[in-house]
2 protein chains.
Amino acid sequence: MSLLPDLAGSRVALVGLIGGHLDDEDIAERHARALWSGICEPGDGDAGSLVDACGAANALALVARDDARAVAAVEGLDRRRADDALARWRPRLAPAALDAGLDAARRTGARLVVPGDATWPSRLDDLGRHRPLCLWVRGALPERPGPTVAIVGARAATSYGEHVAMEIAADLAGAGIRVVSGAAYGIDGAAHRAALSAGGVTDALLAGGVDRAYPSGHADLLSRITRTGAVMSEVMCGSAPTKWRFLSRNRLIAALSDATVVVEAGWRSGSLNTAAHAASLGRSLGAVPGPVTSPTSAGCHRLLREFDARCITGAGDVREMLGLDDELLPGADDWVDQATALRDALSARSWRRVDDVAQRCGQSLADVERGLGLMLLDGRVQHGPAGWRLVVGR
Amino acid sequence: MSLLPDLAGSRVALVGLIGGHLDDEDIAERHARALWSGICEPGDGDAGSLVDACGAANALALVARDDARAVAAVEGLDRRRADDALARWRPRLAPAALDAGLDAARRTGARLVVPGDATWPSRLDDLGRHRPLCLWVRGALPERPGPTVAIVGARAATSYGEHVAMEIAADLAGAGIRVVSGAAYGIDGAAHRAALSAGGVTDALLAGGVDRAYPSGHADLLSRITRTGAVMSEVMCGSAPTKWRFLSRNRLIAALSDATVVVEAGWRSGSLNTAAHAASLGRSLGAVPGPVTSPTSAGCHRLLREFDARCITGAGDVREMLGLDDELLPGADDWVDQATALRDALSARSWRRVDDVAQRCGQSLADVERGLGLMLLDGRVQHGPAGWRLVVGR
């Protein structure tokens, strides 16, 4: 006996949700993806493969029919694994609960976005069979997303960490870079707030349904985010934010972003999970160092040491990591001028003594010595007992 | 007319300095190297090549004869460069000044150590033609140096930096690792003091002569260092610590050590010069991060970002960098135990849910979830909707 007829009511609800400009087959597919968001756990690769292989509506029909043989055949799975998958999915195929989720989405103004939609974030496709089946979105997603950076970190952040998160988020968001985070207390909240304060756009990825403000203390922040950005989740409205869903949500934060920057994180922080996803997706990964005496920075130092994360000291380092800025780091401008003057005062052919160089460029001996030391570090000059010389070609 | 006969007096002084167990030729060579330490600037590669090619005494005779043709021939230099070298060296070939330097060495109890001596630090040979011609040593150098770590950093250190330098130095020195530094105020001094407090051995490399306590406020510290370690310089006693000599001294700190750790350093700190030497010599390089809001840590973050320095959060990281410790980092022991319990509770063949794993290993759900997240980060487990599974071979 098929369960599908029982779902007809929710189909009507869904049509109300997405408007009427779609043909029946589109509506059926979108409807089925919406239902899947309440049936399988996020990142369920068996569900992803099945839907990719035969479409969401057909896949749902196979579940409704409890057809393990067909599921195994479509997915190329062994029978036991198909049985396991159906055992996970079928208990959730409860029309009343699914309809309640769709109703909650409608009440909260959430929109359904599925692969192929103009605003579907194509970066999520890098997740392969772990790609979300749909996104529930409050607010707005852009049709062509520009540079996007995830700023994440500890809930139990220090004022240092929140300060740095805000500085970086405000700078990036003010420069038109989209700031993605997880809406948690601590670093996440600081990043969202600073991005908004800078007049920028920020997106929040939730582990539970978008109809629930989680944490509840961020209800107002989440509303403010939706005015220009998006609050998103891959799970149906009404779903609770479980630990598993937090871990799964982290893969979306990493996948949506060109780079992930971890600002503060304890030794076993969940932010390290986001960082691991970013690294495995080939996204850039940065970590903000802090005092080695602060347990809240231990996870960041771990990322620097074990995951080859880039050391991020400010927004300039993030832009540089993304290749968005070929100029030198902010604050180094005075050094650029000094280096130019030093180059002019040096020769590639003859050695010149420091006092000679100082006289030629009109800088103090101390400044010239420091500057030459720095250029030596970069391999731009050579030093010897007879003085300093430019290295040709640097 | 040769200047050599005029140096006979200083030869007698030198014999007093080194004892009488050497034949005449040895004495002449040692004497000549001692004189060279007052004649050429440290790291003078032309002097190094000339002495390597024909011996220190013969090289000195060529200088005394002002024989540019012979210098050029021995070194394979063009004539102009040989002229330049002689122009650098000859003004310093002043017997009275050189004798005063040897007298100062004798008065201060400094010993002369030259390449080939049992206590000559063979690591310095990696400097090639920039190897020092000799070392003036107060205190004692070991015949077989064990693991050695340079801990250097800013003079204008913060209490944070000094605290971390002391923690690391005390731990390493207490474990029998020699701690090398530059005796400056700030990080250097903190490292020396902590090494001594821990009952360890520490060496100081000076930019000027070892008869001068520099900085003078560290006179007592330098004396204490010589009781078990060495205070060394490659320049003759009486020589002032010039900027050039500080930069040259830095190459010795780097060369003497298996690893260099920079604890705090400003954006253009001289410690970056030591770090660059360590890197170019193929030595391990570490940097201690700090708050990105602290200018005193900017140089360390630069080393992490641009020089691929290892992120050092404590002595355990230094030992790990040196391969001295195969165990996990200190403080991670509890995690080792937990990870072992988790491995036992997981299977490589079947997926297990978190509550199942928690029951099997007798840990709380929260601990199991955090632990699994960490193992996921290391690639030791896989996760899926059906639970967690061990990755075989990890």
# chains A, B, ... in the order shown; residues from 1 in each chain; ligands from 1
>>> interface_residues(of="chain A", to="chain B", cutoff="6 Å", atoms="only C-alpha atoms", output="ChimeraX atom specification")
/A:44,276,289-292,305,311,313,377,385
>>> write_last_selection(atoms="C-alpha atoms", output="mmCIF file, in the first residue's frame")
data_model
loop_
_atom_site.group_PDB
_atom_site.id
_atom_site.type_symbol
_atom_site.label_atom_id
_atom_site.label_comp_id
_atom_site.auth_asym_id
_atom_site.auth_seq_id
_atom_site.Cartn_x
_atom_site.Cartn_y
_atom_site.Cartn_z
ATOM 1 C CA ASP A 44 22.715 11.110 3.974
ATOM 2 C CA ALA A 276 38.333 19.928 8.195
ATOM 3 C CA PRO A 289 46.407 32.858 16.408
ATOM 4 C CA GLY A 290 46.120 34.002 19.982
ATOM 5 C CA PRO A 291 48.041 33.720 23.204
ATOM 6 C CA VAL A 292 49.380 30.178 23.619
ATOM 7 C CA ARG A 305 50.426 23.307 13.004
ATOM 8 C CA CYS A 311 47.985 32.472 9.825
ATOM 9 C CA THR A 313 46.081 38.434 11.612
ATOM 10 C CA LEU A 377 64.993 38.390 4.695
ATOM 11 C CA PRO A 385 81.594 42.968 4.790
#
>>> residues_around(residues="Gly217 of chain A", least_positions_apart="4", cutoff="12 Å", atoms="only C-alpha atoms", output="number ranges by chain")
A: 183-186, 189, 212-213, 221-223
>>> residues_around(residues="segment 228-234 of chain B", least_positions_apart="5", cutoff="8 Å", atoms="only C-alpha atoms", output="list in words")
Ser37, Pro42, Pro132, Leu133, Cys134, Leu135, Trp136, Val137, Arg138, Gly139, Ala140, Leu141, Val201, Thr202, Asp203, Ala204, Leu205, Leu206, Ala207, Gly208, Gly209, Val210, Leu222 and Arg249 of chain B
>>> select_by_dssp(residues="segment 51-216 of chain B", states="strand (DSSP E)", output="PyMOL selection string")
chain B and resi 111-113+135-139+148-152+178-181+202-205
>>> select_by_dssp(residues="segment 194-263 of chain A", states="alpha helix (DSSP H)", output="list in words")
Ala194, Ala195, Leu196, Ser197, Ala219, Asp220, Leu221, Leu222, Ser223, Arg224, Ile225, Thr226, Arg227, Thr228, Lys243, Trp244, Arg245, Phe246, Leu247, Ser248, Arg249, Asn250, Arg251, Leu252, Ile253, Ala254, Ala255 and Leu256 of chain A
>>> write_last_selection(atoms="N, CA and C atoms", output="CSV table (one decimal), in the first residue's frame")
chain,number,residue,atom,x,y,z
A,194,ALA,N,28.9,42.2,13.2
A,194,ALA,CA,29.9,43.2,12.6
A,194,ALA,C,29.6,43.4,11.2
A,195,ALA,N,29.3,42.3,10.5
A,195,ALA,CA,29.0,42.4,9.0
A,195,ALA,C,27.8,43.3,8.8
A,196,LEU,N,26.8,43.1,9.6
A,196,LEU,CA,25.6,43.9,9.4
A,196,LEU,C,25.9,45.4,9.8
A,197,SER,N,26.7,45.6,10.9
A,197,SER,CA,27.0,47.0,11.3
A,197,SER,C,27.8,47.7,10.2
A,219,ALA,N,17.4,35.5,18.2
A,219,ALA,CA,16.2,35.7,17.3
A,219,ALA,C,16.2,37.0,16.6
A,220,ASP,N,16.5,38.1,17.3
A,220,ASP,CA,16.6,39.4,16.6
A,220,ASP,C,17.7,39.5,15.6
A,221,LEU,N,18.9,38.9,16.0
A,221,LEU,CA,20.0,39.0,15.0
A,221,LEU,C,19.6,38.2,13.7
A,222,LEU,N,19.0,37.0,13.9
A,222,LEU,CA,18.6,36.3,12.7
A,222,LEU,C,17.6,37.0,11.8
A,223,SER,N,16.7,37.7,12.5
A,223,SER,CA,15.7,38.5,11.7
A,223,SER,C,16.5,39.6,10.9
A,224,ARG,N,17.4,40.3,11.6
A,224,ARG,CA,18.1,41.3,10.9
A,224,ARG,C,18.9,40.8,9.7
A,225,ILE,N,19.5,39.5,9.9
A,225,ILE,CA,20.3,38.9,8.8
A,225,ILE,C,19.4,38.8,7.6
A,226,THR,N,18.1,38.4,7.8
A,226,THR,CA,17.3,38.1,6.6
A,226,THR,C,16.9,39.3,5.8
A,227,ARG,N,17.2,40.5,6.3
A,227,ARG,CA,16.8,41.7,5.6
A,227,ARG,C,17.7,41.9,4.3
A,228,THR,N,19.0,41.4,4.4
A,228,THR,CA,19.8,41.5,3.2
A,228,THR,C,20.4,40.2,2.9
A,243,LYS,N,23.1,17.3,17.6
A,243,LYS,CA,24.6,17.3,17.5
A,243,LYS,C,25.0,16.9,16.1
A,244,TRP,N,24.3,15.9,15.6
A,244,TRP,CA,24.7,15.4,14.2
A,244,TRP,C,24.4,16.5,13.2
A,245,ARG,N,23.3,17.2,13.4
A,245,ARG,CA,22.9,18.2,12.4
A,245,ARG,C,23.9,19.4,12.5
A,246,PHE,N,24.4,19.7,13.7
A,246,PHE,CA,25.5,20.7,13.8
A,246,PHE,C,26.7,20.3,13.0
A,247,LEU,N,27.1,19.1,13.1
A,247,LEU,CA,28.3,18.6,12.4
A,247,LEU,C,28.0,18.7,10.9
A,248,SER,N,26.8,18.3,10.5
A,248,SER,CA,26.4,18.3,9.1
A,248,SER,C,26.3,19.7,8.6
A,249,ARG,N,25.7,20.6,9.4
A,249,ARG,CA,25.6,22.0,9.0
A,249,ARG,C,27.0,22.6,8.7
A,250,ASN,N,28.0,22.2,9.5
A,250,ASN,CA,29.3,22.7,9.3
A,250,ASN,C,29.9,22.5,7.9
A,251,ARG,N,29.5,21.4,7.3
A,251,ARG,CA,30.0,21.1,5.9
A,251,ARG,C,29.4,22.1,4.9
A,252,LEU,N,28.1,22.6,5.2
A,252,LEU,CA,27.5,23.6,4.4
A,252,LEU,C,28.2,24.9,4.5
A,253,ILE,N,28.6,25.3,5.7
A,253,ILE,CA,29.3,26.6,5.9
A,253,ILE,C,30.6,26.5,5.2
A,254,ALA,N,31.3,25.4,5.2
A,254,ALA,CA,32.6,25.3,4.5
A,254,ALA,C,32.4,25.3,3.0
A,255,ALA,N,31.3,24.6,2.5
A,255,ALA,CA,31.1,24.5,1.1
A,255,ALA,C,30.7,25.8,0.5
A,256,LEU,N,29.9,26.6,1.2
A,256,LEU,CA,29.3,27.8,0.7
A,256,LEU,C,30.4,28.9,0.5
>>> atom_distance(atom1="atom CA of Val74 of chain B", atom2="atom CA of Val235 of chain B")
24.4 Å
>>> residues_around(residues="Arg349 of chain A", least_positions_apart="3", cutoff="12 Å", atoms="only C-alpha atoms", output="list in words")
Leu346, Arg352, Val381, Gln382, Gly387, Trp388, Arg389, Leu390, Val391 and Val392 of chain A
>>> atom_distance(atom1="atom CA of His192 of chain B", atom2="atom CA of Arg319 of chain B")
18.2 Å
>>> atom_distance(atom1="atom CA of Trp89 of chain B", atom2="atom CA of Gly116 of chain B")
24.7 Å
>>> closest_residue(among="B:Cys237, B:Met321, B:Ala315, B:Leu365", to="Arg111 of chain B", atoms="only C-alpha atoms")
B:Cys237
>>> closest_residue(among="B:Arg360, B:Arg106, B:Ala87, B:Gly48", to="Ser347 of chain B", atoms="only C-alpha atoms")
B:Arg360
>>> residues_around(residues="Asp258 of chain B", least_positions_apart="5", cutoff="6 Å", atoms="only C-alpha atoms", output="short mmCIF file (atom, residue, chain, number, x, y, z; two decimals) with N, CA and C atoms, in the first residue's frame")
data_model
loop_
_atom_site.label_atom_id
_atom_site.label_comp_id
_atom_site.auth_asym_id
_atom_site.auth_seq_id
_atom_site.Cartn_x
_atom_site.Cartn_y
_atom_site.Cartn_z
N THR B 148 70.19 21.13 20.77
CA THR B 148 70.37 22.54 21.10
C THR B 148 69.26 23.35 20.44
N VAL B 149 68.64 24.22 21.20
CA VAL B 149 67.55 25.04 20.67
C VAL B 149 67.82 26.51 20.95
N ARG B 283 67.85 24.55 9.23
CA ARG B 283 67.48 24.24 10.60
C ARG B 283 65.96 24.39 10.75
#
